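**Q** For reference, the structure I am asking about is given below.
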Number of protein chains: 2
Amino acid sequence: MRITALAGGVGGARFLRGLRAHLDRTPELADSTVTVIGNTGDDITLFGLRVCPDLDTILYTLGGGVHEGQGWGRADETFRVQGELAAYGAVPQWFHLGDQDFGTHVVRSQWLGQGLSLSEVTARLAERWGLPQQGVTLLPMTDSPVETHVVVDEGEGPRAVHFQEWWVRMQAKVPASRFVAVGMDQATAAPGVLDAIRQADVVLLPPSNPVVSIGIILGVPGVRDALRGATAPVVGVSPLISGAPVRGHADACLQAIGLESTTAAVAGLYADFLDGWLVAPEDEGTVTGLPRLAVRGRPLLMTDVDATADIAGAALDLALELKQR
Amino acid sequence: MRITALAGGVGGARFLRGLRAHLDRTPELADSTVTVIGNTGDDITLFGLRVCPDLDTILYTLGGGVHEGQGWGRADETFRVQGELAAYGAVPQWFHLGDQDFGTHVVRSQWLGQGLSLSEVTARLAERWGLPQQGVTLLPMTDSPVETHVVVDEGEGPRAVHFQEWWVRMQAKVPASRFVAVGMDQATAAPGVLDAIRQADVVLLPPSNPVVSIGIILGVPGVRDALRGATAPVVGVSPLISGAPVRGHADACLQAIGLESTTAAVAGLYADFLDGWLVAPEDEGTVTGLPRLAVRGRPLLMTDVDATADIAGAALDLALELKQR
């Protein structure tokens with residue numbers, strides 16, 4: 001089976017690891033392939049190096065190198081390079097990169113500097129993390145530099161900051177009034193992205209941030225149209241439980257675009273292409289007004305790989321059920 | 001007193017530290033300033049980052065951060081970034097950069113990428129290492145990218161490799177037939193370099209490599225002429241003792257340019273501007289045919305800072321003696 005998933009960072013990566021675990025433990029699904037379309041709107045150039053937080057979180061999580069506690073960055077990390085940068089007075093100092101993580105950014109920047117596309121670079125990085133052996137292909141949503149900027153007002157009038165500055169330095173506590181994907185007007189989908197949606201047997205939306213992760217991917221020219229036209233069922237997993245994000249700041253992001261922080265509101269964002277919607281049991285009755293949407297309630301806490309595999313399995317079951325119709 | 005020194009890497013850096021120690025322990029010289037013109041021919045772009053080995057060795061040595069045992073790189077170093085680069089298959093793998101060292105190269109590359117000149121970047125780096133407080137100014141010989149290439153023949157015909165590849169990967173064991181300072185034809189001396197020679201009270205040549213360190217600096221347009229025209233005495237310290245380099249591969253470099261590995265041959269390279277020449281006692285009678293050159297013999301092993309301060313003091317004494325004439 002060909003599964004295509006759109007994914008942001010931690011939530012998406014954990015879901016994908018659970019999905020792969022579910023496929024591996026299910027004999028008739030074990031040879032399935034998974035194509036991941038990763039958000040690159042979080043990407044940022046720090047200290048002259050290109051950093052792709054969401055892609056890296058997926059690589060590290062699927063490759064077994066992630067820091068389990070925080071969900072991103074590398075396990076057993078040290079911070080000596082960053083310490084030197086601080087001693088030299090390099091800025092910014094609000095984004096902390098570990099030494100092993102620096103290795104990724106240095107080699108990525110080197111290869112980009114040699115003229116490789118982000119797709120090509122990501123494929124090389126994925127090899128080191130064993131994604132091909134898992135049947136997983138990680139595609140950046142676009143090879144064009146796209147950066148999500150956030151319009152905020154810290155009391156001195158509105159100004160746009162990079163998404164990472166809002167997310168990391170301000171911890172999403174300064175109210176955002178707008179998200180702008182700078183560069184999207186010049187962007188095209190990376191090679192394979194649109195075909196991965198068109199040719200999929202199942203399309204999954206992990207519980208990633210609906211605004212700044214999935215929402216940004218949906219803005220890549222052609223992606224939303226491909227989803228609308230997909231022959232495969234599109235099944236999503238709600239990133240909210242009783243209105244609260246399991247992690248991250250999806251609530252603040254939804255508020256910024258004028259929506260309530262509810263699983264129904266998220267489904268509304270996907271209404272034009274979503275076929276199935278996996279929600280927490282307590283949210284099951286709340287998604288109304290979308291008669292064609294198949295809503296299923298089940299526990300959605302990704303407490304460990306097994307629990308996450310169960311959630312991914314339920315999403316897949318719902319997709320296969322919809323496929324039968 | 002205004003002292004100007006031309007310097008390569010380890011030998012130059014250790015001499016300069018000894019010089020500073022001598023000045024500090026000599027009340028009438030304590031407020032002397034030292035301007036160092038550093039070799040940048042060793043510079044190389046590795047993993048997309050600009051590495052300036054000689055400048056960094058001087059910064060680390062004067063700033064107290066150097067690995068004493070090896071004479072270059074940082075004390076208490078770790079190699080996690082490099083380990084990641086190896087895991088990703090990044091090349092080259094024959095140049096090992098430590099994590100703290102990476103901090104220097106990352107911030108230098110960031111600042112160069114922002115449009116700062118190498119002089120400006122070096123001044124910023126020097127601040128962190130406390131050089132201004134020591135009265136030491138470190139100038140790169142040029143802000144233009146100059147790279148020393150070495151013509152070698154490993155059995156498949158002559159080809160040019162970067163100096164670092166010859167020095168580090170081949171350990172200078174593959175015979176070199178030529179050194180070419182690529183980019184020198186487009187280079188100009190960095191701001192302050194020529195004035196530092198013209199306005200100096202004393203010019204010193206530390207026991208740096210006469211071919212690939214001092215020799216490269218002498219090739220910067222205007223430098224050799226400034227030395228010839230300098231009103232200050234120019235005093236050098238021989239990098240050879242009984243024909244053998246104390247460290248490094250000066251012998252292989254001299255052979256490559258068709259010279260014997262002797263302190264007399266090195267003096268010959270500087271004959272048009274050298275006034276005083278400090279040599280090991282055993283070499284004192286060997287420098288002939290340069291009647292205007294004042295040769296002094298004394299132990300030249302830079303075994304520790306005190307011994308090196310004595311050598312620097314002797315060089316300075318010789319210069320002051322020549323000044324009286």
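As shown in the structure tokens, the chain order sets the letters A, B, ...; within each chain, residues go from 1, and ligands are also counted from 1 in the order they appear.
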Considering only C-alpha atoms, return as a list in words whatever protein or nucleic-acid residues lie within 6 Å of region 10-18 of chain A, sequence-local ones (same chain, fewer than 6 positions apart) excluded.
**A**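 So, after excluding close chain neighbours, the residues are Ile58, Leu62, Gly71, Pro206, Pro207, Ser208, Val305, Thr308 and Ala309 of chain A.
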**Q** I want to know what sits within 9 Å of region 188-203 of chain B, based on only C-alpha atoms, with residues of the same chain fewer than 6 positions away left out; could you give that as a tab-separated table (two decimals) with all heavy atoms, in the first residue's frame?
**A**
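Below is the file part-v1.tsv, written as the result:
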chain	number	residue	atom	x	y	z
B	1	MET	N	56.87	50.99	22.31
B	1	MET	CA	57.50	50.55	21.05
B	1	MET	C	56.47	49.83	20.19
B	1	MET	O	55.67	49.06	20.68
B	1	MET	CB	58.68	49.61	21.37
B	1	MET	CG	59.55	49.37	20.17
B	1	MET	SD	61.17	48.73	20.63
B	1	MET	CE	60.76	47.27	21.53
B	2	ARG	N	56.54	50.13	18.92
B	2	ARG	CA	55.63	49.49	17.96
B	2	ARG	C	56.37	48.34	17.26
B	2	ARG	O	57.32	48.57	16.50
B	2	ARG	CB	55.15	50.50	16.93
B	2	ARG	CG	54.19	51.54	17.49
B	2	ARG	CD	54.06	52.72	16.54
B	2	ARG	NE	55.37	53.36	16.32
B	2	ARG	CZ	55.57	54.42	15.54
B	2	ARG	NH1	54.55	54.97	14.91
B	2	ARG	NH2	56.78	54.92	15.38
B	3	ILE	N	55.95	47.15	17.56
B	3	ILE	CA	56.58	45.97	16.99
B	3	ILE	C	55.62	45.37	15.95
B	3	ILE	O	54.43	45.23	16.22
B	3	ILE	CB	56.87	44.92	18.08
B	3	ILE	CG1	57.75	45.54	19.18
B	3	ILE	CG2	57.50	43.67	17.49
B	3	ILE	CD1	57.88	44.69	20.42
B	4	THR	N	56.15	45.04	14.81
B	4	THR	CA	55.34	44.36	13.79
B	4	THR	C	55.99	43.01	13.50
B	4	THR	O	57.21	42.91	13.37
B	4	THR	CB	55.26	45.21	12.51
B	4	THR	OG1	54.52	46.40	12.81
B	4	THR	CG2	54.55	44.45	11.39
B	5	ALA	N	55.16	41.97	13.46
B	5	ALA	CA	55.67	40.62	13.21
B	5	ALA	C	54.87	39.96	12.10
B	5	ALA	O	53.66	40.14	12.00
B	5	ALA	CB	55.59	39.78	14.49
B	6	LEU	N	55.57	39.22	11.26
B	6	LEU	CA	54.91	38.39	10.25
B	6	LEU	C	54.84	36.98	10.84
B	6	LEU	O	55.86	36.47	11.32
B	6	LEU	CB	55.73	38.36	8.95
B	6	LEU	CG	55.59	39.52	7.96
B	6	LEU	CD1	55.90	40.85	8.63
B	6	LEU	CD2	56.49	39.31	6.74
B	35	THR	N	51.77	44.40	16.30
B	35	THR	CA	50.87	44.16	15.17
B	35	THR	C	51.36	42.91	14.44
B	35	THR	O	52.52	42.84	14.03
B	35	THR	CB	50.85	45.37	14.21
B	35	THR	OG1	50.42	46.52	14.95
B	35	THR	CG2	49.90	45.11	13.05
B	36	VAL	N	50.47	41.95	14.32
B	36	VAL	CA	50.82	40.68	13.70
B	36	VAL	C	50.20	40.63	12.31
B	36	VAL	O	49.00	40.87	12.15
B	36	VAL	CB	50.31	39.49	14.53
B	36	VAL	CG1	50.71	38.18	13.89
B	36	VAL	CG2	50.82	39.59	15.97
B	37	ILE	N	51.01	40.35	11.31
B	37	ILE	CA	50.50	40.14	9.95
B	37	ILE	C	50.47	38.63	9.74
B	37	ILE	O	51.52	37.97	9.66
B	37	ILE	CB	51.40	40.84	8.92
B	37	ILE	CG1	51.44	42.35	9.22
B	37	ILE	CG2	50.90	40.57	7.50
B	37	ILE	CD1	52.49	43.11	8.43
B	118	LEU	N	37.57	39.89	5.94
B	118	LEU	CA	38.29	39.00	6.86
B	118	LEU	C	38.97	39.81	7.96
B	118	LEU	O	39.04	39.37	9.12
B	118	LEU	CB	39.32	38.16	6.09
B	118	LEU	CG	40.08	37.12	6.93
B	118	LEU	CD1	39.13	36.13	7.58
B	118	LEU	CD2	41.11	36.40	6.08
B	119	SER	N	39.45	41.01	7.65
B	119	SER	CA	40.03	41.88	8.68
B	119	SER	C	39.02	42.18	9.77
B	119	SER	O	39.32	42.11	10.96
B	119	SER	CB	40.49	43.21	8.07
B	119	SER	OG	41.56	43.03	7.20
B	139	LEU	N	46.27	41.16	12.07
B	139	LEU	CA	45.78	41.50	10.73
B	139	LEU	C	45.99	40.31	9.80
B	139	LEU	O	47.11	39.77	9.75
B	139	LEU	CB	46.55	42.69	10.16
B	139	LEU	CG	46.57	44.00	10.97
B	139	LEU	CD1	47.49	45.00	10.26
B	139	LEU	CD2	45.17	44.56	11.12
B	140	PRO	N	44.98	39.90	9.07
B	140	PRO	CA	45.26	38.95	7.99
B	140	PRO	C	46.10	39.66	6.94
B	140	PRO	O	45.97	40.87	6.76
B	140	PRO	CB	43.87	38.61	7.44
B	140	PRO	CG	43.00	39.75	7.82
B	140	PRO	CD	43.59	40.36	9.07
B	141	MET	N	46.98	38.93	6.28
B	141	MET	CA	47.87	39.58	5.30
B	141	MET	C	47.07	40.25	4.19
B	141	MET	O	47.47	41.27	3.65
B	141	MET	CB	48.83	38.56	4.69
B	141	MET	CG	48.16	37.44	3.91
B	141	MET	SD	49.33	36.16	3.35
B	141	MET	CE	48.33	35.33	2.08
B	142	THR	N	45.91	39.68	3.88
B	142	THR	CA	45.04	40.22	2.83
B	142	THR	C	43.60	39.83	3.13
B	142	THR	O	43.36	38.81	3.78
B	142	THR	CB	45.45	39.70	1.44
B	142	THR	OG1	44.49	40.14	0.47
B	142	THR	CG2	45.49	38.17	1.40
B	143	ASP	N	42.67	40.66	2.66
B	143	ASP	CA	41.26	40.30	2.77
B	143	ASP	C	40.79	39.52	1.55
B	143	ASP	O	39.67	39.02	1.52
B	143	ASP	CB	40.41	41.57	2.91
B	143	ASP	CG	40.49	42.13	4.32
B	143	ASP	OD1	40.81	41.36	5.25
B	143	ASP	OD2	40.23	43.34	4.49
B	144	SER	N	41.64	39.43	0.54
B	144	SER	CA	41.28	38.67	-0.66
B	144	SER	C	41.49	37.19	-0.37
B	144	SER	O	42.42	36.82	0.34
B	144	SER	CB	42.17	39.07	-1.83
B	144	SER	OG	42.33	40.47	-1.89
B	220	VAL	N	52.47	38.99	-0.90
B	220	VAL	CA	51.35	39.94	-0.97
B	220	VAL	C	51.89	41.25	-1.54
B	220	VAL	O	52.88	41.79	-1.03
B	220	VAL	CB	50.74	40.19	0.43
B	220	VAL	CG1	49.66	41.26	0.36
B	220	VAL	CG2	50.18	38.89	0.99
B	221	PRO	N	51.27	41.75	-2.60
B	221	PRO	CA	51.78	42.95	-3.25
B	221	PRO	C	52.06	44.08	-2.25
B	221	PRO	O	51.18	44.44	-1.48
B	221	PRO	CB	50.66	43.33	-4.23
B	221	PRO	CG	50.02	42.01	-4.57
B	221	PRO	CD	50.09	41.21	-3.30
B	222	GLY	N	53.28	44.57	-2.26
B	222	GLY	CA	53.65	45.69	-1.41
B	222	GLY	C	54.37	45.31	-0.14
B	222	GLY	O	55.10	46.13	0.45
B	223	VAL	N	54.21	44.08	0.31
B	223	VAL	CA	54.78	43.70	1.60
B	223	VAL	C	56.31	43.65	1.54
B	223	VAL	O	57.01	44.22	2.38
B	223	VAL	CB	54.23	42.34	2.09
B	223	VAL	CG1	55.06	41.78	3.24
B	223	VAL	CG2	52.76	42.50	2.52
B	226	ALA	N	57.69	47.08	1.23
B	226	ALA	CA	57.61	47.81	2.50
B	226	ALA	C	58.73	47.37	3.43
B	226	ALA	O	59.32	48.19	4.15
B	226	ALA	CB	56.24	47.56	3.15
B	227	LEU	N	59.05	46.08	3.43
B	227	LEU	CA	60.14	45.58	4.29
B	227	LEU	C	61.48	46.15	3.82
B	227	LEU	O	62.32	46.56	4.62
B	227	LEU	CB	60.16	44.05	4.28
B	227	LEU	CG	59.05	43.39	5.08
B	227	LEU	CD1	58.92	41.91	4.72
B	227	LEU	CD2	59.30	43.55	6.59
B	229	GLY	N	61.97	48.88	2.35
B	229	GLY	CA	62.03	50.31	2.62
B	229	GLY	C	61.86	50.67	4.08
B	229	GLY	O	61.87	51.85	4.43
B	230	ALA	N	61.68	49.67	4.93
B	230	ALA	CA	61.37	49.95	6.33
B	230	ALA	C	62.53	50.67	7.01
B	230	ALA	O	63.70	50.33	6.79
B	230	ALA	CB	61.05	48.66	7.07
B	231	THR	N	62.19	51.67	7.84
B	231	THR	CA	63.24	52.33	8.63
B	231	THR	C	63.59	51.46	9.83
B	231	THR	O	64.68	51.57	10.37
B	231	THR	CB	62.75	53.71	9.11
B	231	THR	OG1	61.50	53.52	9.77
B	231	THR	CG2	62.57	54.64	7.93
B	232	ALA	N	62.66	50.61	10.24
B	232	ALA	CA	62.91	49.75	11.41
B	232	ALA	C	63.84	48.61	11.03
B	232	ALA	O	63.84	48.15	9.89
B	232	ALA	CB	61.58	49.18	11.90
B	233	PRO	N	64.68	48.17	11.99
B	233	PRO	CA	65.45	46.95	11.73
B	233	PRO	C	64.52	45.76	11.62
B	233	PRO	O	63.49	45.68	12.30
B	233	PRO	CB	66.34	46.83	12.97
B	233	PRO	CG	65.65	47.62	14.03
B	233	PRO	CD	64.91	48.72	13.32
B	234	VAL	N	64.88	44.84	10.71
B	234	VAL	CA	64.10	43.62	10.54
B	234	VAL	C	64.95	42.46	11.05
B	234	VAL	O	66.04	42.20	10.53
B	234	VAL	CB	63.75	43.39	9.05
B	234	VAL	CG1	62.92	42.10	8.90
B	234	VAL	CG2	63.00	44.58	8.47
B	235	VAL	N	64.46	41.81	12.10
B	235	VAL	CA	65.22	40.72	12.73
B	235	VAL	C	64.40	39.45	12.67
B	235	VAL	O	63.21	39.44	13.02
B	235	VAL	CB	65.56	41.07	14.19
B	235	VAL	CG1	66.14	39.84	14.91
B	235	VAL	CG2	66.54	42.23	14.24
B	236	GLY	N	65.06	38.38	12.22
B	236	GLY	CA	64.36	37.11	12.12
B	236	GLY	C	64.93	36.07	13.08
B	236	GLY	O	66.07	36.18	13.53
B	316	LEU	N	64.64	40.99	20.11
B	316	LEU	CA	64.37	42.41	20.33
B	316	LEU	C	65.66	43.16	20.66
B	316	LEU	O	65.89	44.27	20.17
B	316	LEU	CB	63.35	42.54	21.46
B	316	LEU	CG	62.29	43.62	21.39
B	316	LEU	CD1	61.61	43.67	20.03
B	316	LEU	CD2	61.25	43.37	22.48
B	319	ALA	N	67.55	43.72	17.60
B	319	ALA	CA	66.92	44.79	16.81
B	319	ALA	C	67.28	46.16	17.38
B	319	ALA	O	67.62	47.09	16.63
B	319	ALA	CB	65.40	44.59	16.77
B	320	LEU	N	67.21	46.29	18.72
B	320	LEU	CA	67.51	47.59	19.33
B	320	LEU	C	68.97	47.94	19.14
B	320	LEU	O	69.32	49.11	18.93
B	320	LEU	CB	67.13	47.55	20.82
B	320	LEU	CG	65.62	47.36	21.06
B	320	LEU	CD1	65.30	47.23	22.54
B	320	LEU	CD2	64.82	48.51	20.43
B	323	LYS	N	69.31	49.20	15.74
B	323	LYS	CA	68.70	50.52	15.66
B	323	LYS	C	69.69	51.62	16.06
B	323	LYS	O	69.62	52.74	15.55
B	323	LYS	CB	67.50	50.55	16.62
B	323	LYS	CG	66.20	51.04	15.98
B	323	LYS	CD	65.06	50.95	16.97
B	323	LYS	CE	64.05	52.03	16.73
B	323	LYS	NZ	63.45	51.97	15.39
**Q** Determine which residues of chain A sit within 12 Å of chain B, taking into account only C-alpha atoms, and present them as a PyMOL selection string.
**A** chain A and resi 45-50+65+74+76-92+97-115+121-130
**Q** As JSON, numbers by chain, please: every residue in region 86-305 of chain B that DSSP puts in strand (DSSP E).
**A** {"B": [136, 137, 138, 139, 140, 147, 148, 149, 150, 151, 152, 153, 158, 159, 160, 161, 162, 176, 177, 178, 179, 180, 181, 182, 202, 203, 204, 205, 234, 235, 236, 237, 240, 241, 244, 245, 276, 277, 278, 279, 294, 295, 296, 297]}
**Q** Please write the residues from the selection above to a file, keeping N, CA and C atoms, as a CSV table (one decimal), in the first residue's frame.
**A**
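Listing of part_26.csv after writing:
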chain,number,residue,atom,x,y,z
B,136,VAL,N,47.8,43.7,21.3
B,136,VAL,CA,48.1,43.0,20.1
B,136,VAL,C,47.0,43.2,19.0
B,137,THR,N,47.4,43.5,17.8
B,137,THR,CA,46.5,43.6,16.7
B,137,THR,C,46.8,42.5,15.7
B,138,LEU,N,45.8,41.7,15.4
B,138,LEU,CA,46.1,40.6,14.4
B,138,LEU,C,45.4,41.0,13.1
B,139,LEU,N,46.3,41.2,12.1
B,139,LEU,CA,45.8,41.5,10.7
B,139,LEU,C,46.0,40.3,9.8
B,140,PRO,N,45.0,39.9,9.1
B,140,PRO,CA,45.3,39.0,8.0
B,140,PRO,C,46.1,39.7,6.9
B,147,GLU,N,44.8,31.2,-1.6
B,147,GLU,CA,45.0,29.8,-1.1
B,147,GLU,C,46.3,29.2,-1.7
B,148,THR,N,47.2,28.7,-0.9
B,148,THR,CA,48.4,28.1,-1.3
B,148,THR,C,48.1,26.7,-1.8
B,149,HIS,N,48.4,26.5,-3.1
B,149,HIS,CA,48.3,25.1,-3.7
B,149,HIS,C,49.6,24.5,-3.9
B,150,VAL,N,49.7,23.3,-3.9
B,150,VAL,CA,51.0,22.5,-4.0
B,150,VAL,C,50.9,21.6,-5.1
B,151,VAL,N,51.9,21.7,-6.0
B,151,VAL,CA,51.9,20.7,-7.1
B,151,VAL,C,52.7,19.5,-6.7
B,152,VAL,N,52.0,18.4,-6.7
B,152,VAL,CA,52.5,17.1,-6.3
B,152,VAL,C,52.3,16.0,-7.4
B,153,ASP,N,53.0,15.0,-7.2
B,153,ASP,CA,52.9,13.8,-8.1
B,153,ASP,C,52.8,12.6,-7.3
B,158,PRO,N,51.6,15.2,-12.4
B,158,PRO,CA,51.5,16.3,-11.5
B,158,PRO,C,50.1,16.8,-11.4
B,159,ARG,N,49.7,17.2,-10.2
B,159,ARG,CA,48.4,17.9,-10.0
B,159,ARG,C,48.6,18.8,-8.8
B,160,ALA,N,47.7,19.8,-8.8
B,160,ALA,CA,47.7,20.8,-7.7
B,160,ALA,C,46.7,20.4,-6.6
B,161,VAL,N,47.1,20.4,-5.4
B,161,VAL,CA,46.2,20.1,-4.3
B,161,VAL,C,46.3,21.3,-3.3
B,162,HIS,N,45.3,21.5,-2.5
B,162,HIS,CA,45.3,22.6,-1.5
B,162,HIS,C,46.4,22.3,-0.5
B,176,ALA,N,56.8,17.8,-3.2
B,176,ALA,CA,56.2,18.9,-3.8
B,176,ALA,C,57.1,19.5,-4.8
B,177,SER,N,56.6,20.0,-6.0
B,177,SER,CA,57.5,20.6,-6.9
B,177,SER,C,57.3,22.1,-7.0
B,178,ARG,N,56.1,22.6,-6.5
B,178,ARG,CA,55.9,24.0,-6.6
B,178,ARG,C,54.8,24.4,-5.6
B,179,PHE,N,54.9,25.6,-5.1
B,179,PHE,CA,53.8,26.2,-4.3
B,179,PHE,C,53.3,27.4,-5.1
B,180,VAL,N,52.0,27.4,-5.2
B,180,VAL,CA,51.3,28.5,-6.0
B,180,VAL,C,50.3,29.2,-5.1
B,181,ALA,N,50.4,30.5,-4.9
B,181,ALA,CA,49.5,31.2,-4.1
B,181,ALA,C,48.3,31.6,-5.0
B,182,VAL,N,47.3,30.8,-5.1
B,182,VAL,CA,46.2,31.1,-6.0
B,182,VAL,C,45.4,32.3,-5.5
B,202,VAL,N,60.3,48.2,15.2
B,202,VAL,CA,61.0,46.9,15.0
B,202,VAL,C,60.1,46.0,14.2
B,203,VAL,N,60.7,45.3,13.3
B,203,VAL,CA,60.0,44.2,12.6
B,203,VAL,C,60.6,42.9,12.9
B,204,LEU,N,59.8,42.0,13.3
B,204,LEU,CA,60.3,40.6,13.7
B,204,LEU,C,59.7,39.6,12.8
B,205,LEU,N,60.6,38.6,12.4
B,205,LEU,CA,60.1,37.4,11.7
B,205,LEU,C,60.3,36.2,12.7
B,234,VAL,N,64.9,44.8,10.7
B,234,VAL,CA,64.1,43.6,10.5
B,234,VAL,C,65.0,42.5,11.1
B,235,VAL,N,64.5,41.8,12.1
B,235,VAL,CA,65.2,40.7,12.7
B,235,VAL,C,64.4,39.4,12.7
B,236,GLY,N,65.1,38.4,12.2
B,236,GLY,CA,64.4,37.1,12.1
B,236,GLY,C,64.9,36.1,13.1
B,237,VAL,N,64.1,35.1,13.4
B,237,VAL,CA,64.5,33.9,14.2
B,237,VAL,C,64.5,32.7,13.3
B,240,LEU,N,65.1,26.8,11.7
B,240,LEU,CA,65.8,25.5,11.5
B,240,LEU,C,66.9,25.5,12.6
B,241,ILE,N,67.2,24.4,13.1
B,241,ILE,CA,68.3,24.1,14.0
B,241,ILE,C,69.1,23.0,13.4
B,244,ALA,N,67.4,21.1,10.7
B,244,ALA,CA,66.1,20.4,10.9
B,244,ALA,C,65.1,21.4,11.4
B,245,PRO,N,63.9,21.4,10.9
B,245,PRO,CA,62.9,22.2,11.5
B,245,PRO,C,62.5,21.7,12.9
B,276,GLY,N,69.0,41.5,11.0
B,276,GLY,CA,69.5,40.6,12.0
B,276,GLY,C,68.9,39.2,12.0
B,277,TRP,N,69.7,38.2,12.4
B,277,TRP,CA,69.3,36.8,12.2
B,277,TRP,C,69.7,36.0,13.4
B,278,LEU,N,68.7,35.6,14.2
B,278,LEU,CA,69.0,34.8,15.4
B,278,LEU,C,69.0,33.4,15.0
B,279,VAL,N,70.1,32.7,15.3
B,279,VAL,CA,70.3,31.3,14.9
B,279,VAL,C,70.7,30.5,16.1
B,294,ALA,N,73.6,40.9,10.6
B,294,ALA,CA,74.1,40.6,11.9
B,294,ALA,C,73.5,39.3,12.4
B,295,VAL,N,74.4,38.3,12.5
B,295,VAL,CA,74.0,37.0,13.0
B,295,VAL,C,74.3,36.8,14.4
B,296,ARG,N,73.4,36.3,15.2
B,296,ARG,CA,73.7,36.0,16.6
B,296,ARG,C,73.3,34.5,16.9
B,297,GLY,N,74.1,33.8,17.6
B,297,GLY,CA,73.7,32.5,18.0
B,297,GLY,C,73.2,32.4,19.5
**Q** So how far away is CA of Glu120 (chain B) from CA of Thr33 (chain B), in Å?
**A**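 CA of Glu120 (chain B) lies at a distance of 19.1 Å from CA of Thr33 (chain B).
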**Q** Got a sec to tell me which of region 86-204 of chain A DSSP assigns to helix (DSSP H, G or I), as an MDAnalysis selection string?
**A** chainID A and resid 86:87 99:113 118:128 132:134 163:169 184:186 193:198
**Q** Find the distance between CA of Ser242 (chain A) and CA of Ile216 (chain A) and write it in Å to one decimal.
**A** 23.9 Å
**Q** Nearest residue to Gly69 (chain A) out of A:Ser117, A:Thr303, A:Gln93, A:Gln324, using only C-alpha atoms?
**A**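 Among the listed residues, the smallest separation from Gly69 (chain A) belongs to A:Thr303.
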**Q** CA of Arg20 (chain A) and CA of Gln134 (chain A) are how many Å apart?
**A**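 Rounded to one decimal, the two atoms are 7.8 Å apart.
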**Q** I'd like the contact shell of Cys253 (chain B) - 9 Å cut-off, only C-alpha atoms, skipping same-chain residues fewer than 4 positions apart - returned as an MDAnalysis selection string.
**A** chainID B and resid 172 175:176 178:179 209:212 249 257:259 261
